[in-house]
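So the structure is just underneath, and the comments pick up after that.
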Amino acid sequence: MFKKFFYIPADNPREAEDEYNQFVASVRVLKVRETFVEQGQDSFYSIRVEYLESEGERQSRGTKGKKPKVDYMEVLSTEDFQLFAKLRAWRNKEAERIGLLPG
(Lines give C-alpha, C1' and ligand atoms only; values in the text may rest on other atoms or scores of the structure.)
Protein backbone atom coordinates (compact mmCIF):
# COMPACT_ATOMS: atom_id res chain seq x y z
CA MET A 1 0.00 0.00 0.00
CA PHE A 2 1.22 3.46 -0.89
CA LYS A 3 0.25 6.97 0.21
CA LYS A 4 0.15 10.21 -1.74
CA PHE A 5 -0.69 13.65 -0.41
CA PHE A 6 -2.39 16.50 -2.25
CA TYR A 7 -2.60 20.20 -1.43
CA ILE A 8 -5.59 21.88 -3.05
CA PRO A 9 -5.95 25.63 -2.47
CA ALA A 10 -9.53 26.66 -1.71
CA ASP A 11 -9.38 29.90 -3.71
CA ASN A 12 -8.06 28.36 -6.97
CA PRO A 13 -8.45 24.57 -6.91
CA ARG A 14 -8.72 23.80 -10.66
CA GLU A 15 -5.12 22.77 -11.49
CA ALA A 16 -4.64 20.79 -8.27
CA GLU A 17 -8.06 19.14 -8.70
CA ASP A 18 -7.13 18.02 -12.20
CA GLU A 19 -3.89 16.45 -10.92
CA TYR A 20 -5.79 14.72 -8.10
CA ASN A 21 -8.52 13.40 -10.42
CA GLN A 22 -5.98 12.06 -12.93
CA PHE A 23 -4.10 10.30 -10.14
CA VAL A 24 -7.12 8.60 -8.54
CA ALA A 25 -8.30 7.46 -11.98
CA SER A 26 -4.94 5.73 -12.55
CA VAL A 27 -4.66 3.67 -9.34
CA ARG A 28 -6.78 1.42 -7.15
CA VAL A 29 -7.81 3.71 -4.29
CA LEU A 30 -8.15 2.05 -0.89
CA LYS A 31 -8.89 5.05 1.32
CA VAL A 32 -9.12 8.85 1.06
CA ARG A 33 -8.81 11.25 3.97
CA GLU A 34 -9.71 14.86 3.30
CA THR A 35 -9.15 17.73 5.74
CA PHE A 36 -10.07 21.37 5.23
CA VAL A 37 -7.52 23.73 6.76
CA GLU A 38 -9.00 27.17 7.31
CA GLN A 39 -6.41 29.95 7.07
CA GLY A 40 -8.33 32.88 5.62
CA GLN A 41 -7.37 33.45 1.98
CA ASP A 42 -4.73 30.72 2.29
CA SER A 43 -7.27 27.99 3.19
CA PHE A 44 -6.74 24.63 1.52
CA TYR A 45 -7.74 20.98 1.39
CA SER A 46 -5.21 18.42 2.50
CA ILE A 47 -5.96 15.04 0.94
CA ARG A 48 -4.23 11.73 1.69
CA VAL A 49 -4.85 8.88 -0.72
CA GLU A 50 -3.94 5.31 0.19
CA TYR A 51 -3.69 3.17 -2.92
CA LEU A 52 -2.29 0.17 -4.74
CA GLU A 53 -0.06 1.06 -7.63
CA SER A 54 -1.32 0.66 -11.18
CA GLU A 55 0.05 -1.74 -13.81
CA GLY A 56 1.74 1.23 -15.51
CA GLU A 57 3.60 2.21 -12.34
CA ARG A 58 4.77 -1.39 -11.83
CA GLN A 59 6.01 -1.55 -15.41
CA SER A 60 7.86 1.75 -15.09
CA ARG A 61 9.67 0.35 -12.02
CA GLY A 62 10.59 -2.79 -13.92
CA THR A 63 8.27 -5.12 -12.01
CA LYS A 64 6.01 -6.03 -14.91
CA GLY A 65 3.80 -8.97 -14.16
CA LYS A 66 4.36 -8.89 -10.40
CA LYS A 67 1.42 -8.03 -8.21
CA PRO A 68 2.03 -5.74 -5.26
CA LYS A 69 1.89 -7.46 -1.88
CA VAL A 70 -1.24 -6.52 0.00
CA ASP A 71 -1.65 -6.96 3.73
CA TYR A 72 -5.33 -7.85 3.75
CA MET A 73 -5.47 -7.65 7.55
CA GLU A 74 -4.57 -3.98 7.17
CA VAL A 75 -6.88 -3.25 4.23
CA LEU A 76 -10.01 -5.15 5.33
CA SER A 77 -12.15 -4.78 8.43
CA THR A 78 -11.89 -7.58 11.01
CA GLU A 79 -15.18 -9.11 9.85
CA ASP A 80 -14.25 -8.88 6.17
CA PHE A 81 -10.82 -10.40 6.81
CA GLN A 82 -12.37 -13.36 8.66
CA LEU A 83 -14.63 -14.00 5.67
CA PHE A 84 -11.69 -13.53 3.28
CA ALA A 85 -9.62 -16.09 5.22
CA LYS A 86 -12.47 -18.63 5.16
CA LEU A 87 -12.97 -18.18 1.41
CA ARG A 88 -9.23 -18.47 0.77
CA ALA A 89 -9.07 -21.72 2.78
CA TRP A 90 -12.08 -23.09 0.87
CA ARG A 91 -10.51 -22.11 -2.47
CA ASN A 92 -7.25 -23.85 -1.57
CA LYS A 93 -9.07 -27.00 -0.44
CA GLU A 94 -11.18 -27.08 -3.64
CA ALA A 95 -8.12 -26.53 -5.83
CA GLU A 96 -6.33 -29.41 -4.11
CA ARG A 97 -9.43 -31.63 -4.43
CA ILE A 98 -9.63 -31.16 -8.22
CA GLY A 99 -5.88 -31.17 -8.76
CA LEU A 100 -5.22 -27.50 -9.52
CA LEU A 101 -2.85 -25.00 -8.00
CA PRO A 102 -4.68 -22.37 -5.94
CA GLY A 103 -4.83 -19.06 -7.77
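Quick note on naming: the chains in the C-alpha coordinates go A, B, ... in the order shown, residues restart at 1 in each chain, and ligands are numbered from 1 in order of appearance.
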
_Spatial neighbours of Gly40 (chain A), max dist 12 Å, only C-alpha atoms, sep filter under 3 positions, as an NGL selection string_ = :A and (9-11 or 36-37 or 43-44)

_For Val49 (chain A), the nearest of the candidates A:Met1, A:Ala85, A:Ala16, A:Ile98, counting only C-alpha atoms_ = A:Met1

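Taking CA of Asp18 (chain A) and CA of Phe5 (chain A) as the two end points, the separation is 14.1 Å.
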
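As for CA of Glu53 (chain A) and CA of Arg28 (chain A), they are spaced 6.7 Å apart.
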
Please list as a PDB file with N, CA and C atoms, in the first residue's frame every residue within 6 Å of Glu50 (chain A), counting only C-alpha atoms and excluding residues in the same chain fewer than 5 positions away.
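Dumped everything to part-v4.pdb:
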```
ATOM      1  N   PHE A   2       0.478   2.222  -0.768  1.00  0.00           N
ATOM      2  CA  PHE A   2       1.224   3.460  -0.887  1.00  0.00           C
ATOM      3  C   PHE A   2       0.347   4.619  -0.456  1.00  0.00           C
ATOM      4  N   LYS A   3       0.983   5.763  -0.163  1.00  0.00           N
ATOM      5  CA  LYS A   3       0.248   6.967   0.210  1.00  0.00           C
ATOM      6  C   LYS A   3       0.739   8.124  -0.640  1.00  0.00           C
ATOM      7  N   LEU A  30      -7.686   2.813  -2.050  1.00  0.00           N
ATOM      8  CA  LEU A  30      -8.148   2.055  -0.894  1.00  0.00           C
ATOM      9  C   LEU A  30      -8.861   2.951   0.112  1.00  0.00           C
ATOM     10  N   LYS A  31      -8.317   4.153   0.320  1.00  0.00           N
ATOM     11  CA  LYS A  31      -8.891   5.047   1.319  1.00  0.00           C
ATOM     12  C   LYS A  31      -8.489   6.478   0.980  1.00  0.00           C
TER      13      LYS A  31
END
```

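The protein and nucleic acid residues lying at most 12 Å from Tyr20 (chain A) are Lys4, Phe5, Phe6, Tyr7, Ile8, Pro13, Arg14, Glu15, Ala16, Glu17, Asp18, Gln22, Phe23, Val24, Ala25, Ser26, Val27, Val29, Val32, Tyr45, Ser46, Ile47, Arg48 and Val49 of chain A, with only C-alpha atoms considered and sequence neighbours fewer than 2 positions away removed.
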
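With only C-alpha atoms as the basis for measurement, A:Tyr51 is the residue among A:Tyr51, A:Glu94, A:Arg88, A:Glu34 that approaches Val75 (chain A) most closely.
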
*At what distance in Å, to one decimal, does CA of Asn92 (chain A) lie from CA of Ser77 (chain A)?*
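CA of Asn92 (chain A) lies 22.1 Å from CA of Ser77 (chain A).
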
*asked:* Can you pull out every residue from chain A that DSSP, working from the backbone, puts in strand (DSSP E or B), and format the result as a list in words?
replied: Phe2, Lys3, Lys4, Phe5, Phe6, Tyr7, Ile8, Pro9, Arg28, Val29, Leu30, Lys31, Val32, Arg33, Glu34, Thr35, Phe36, Val37, Phe44, Tyr45, Ser46, Ile47, Arg48, Val49, Glu50, Tyr51 and Leu52 of chain A

*DSSP on the backbone, then: every residue of chain A marked helix (DSSP H, G or I), written as an MDAnalysis selection string.*
chainID A and resid 14:26 40:42 55:60 72:75 78:98
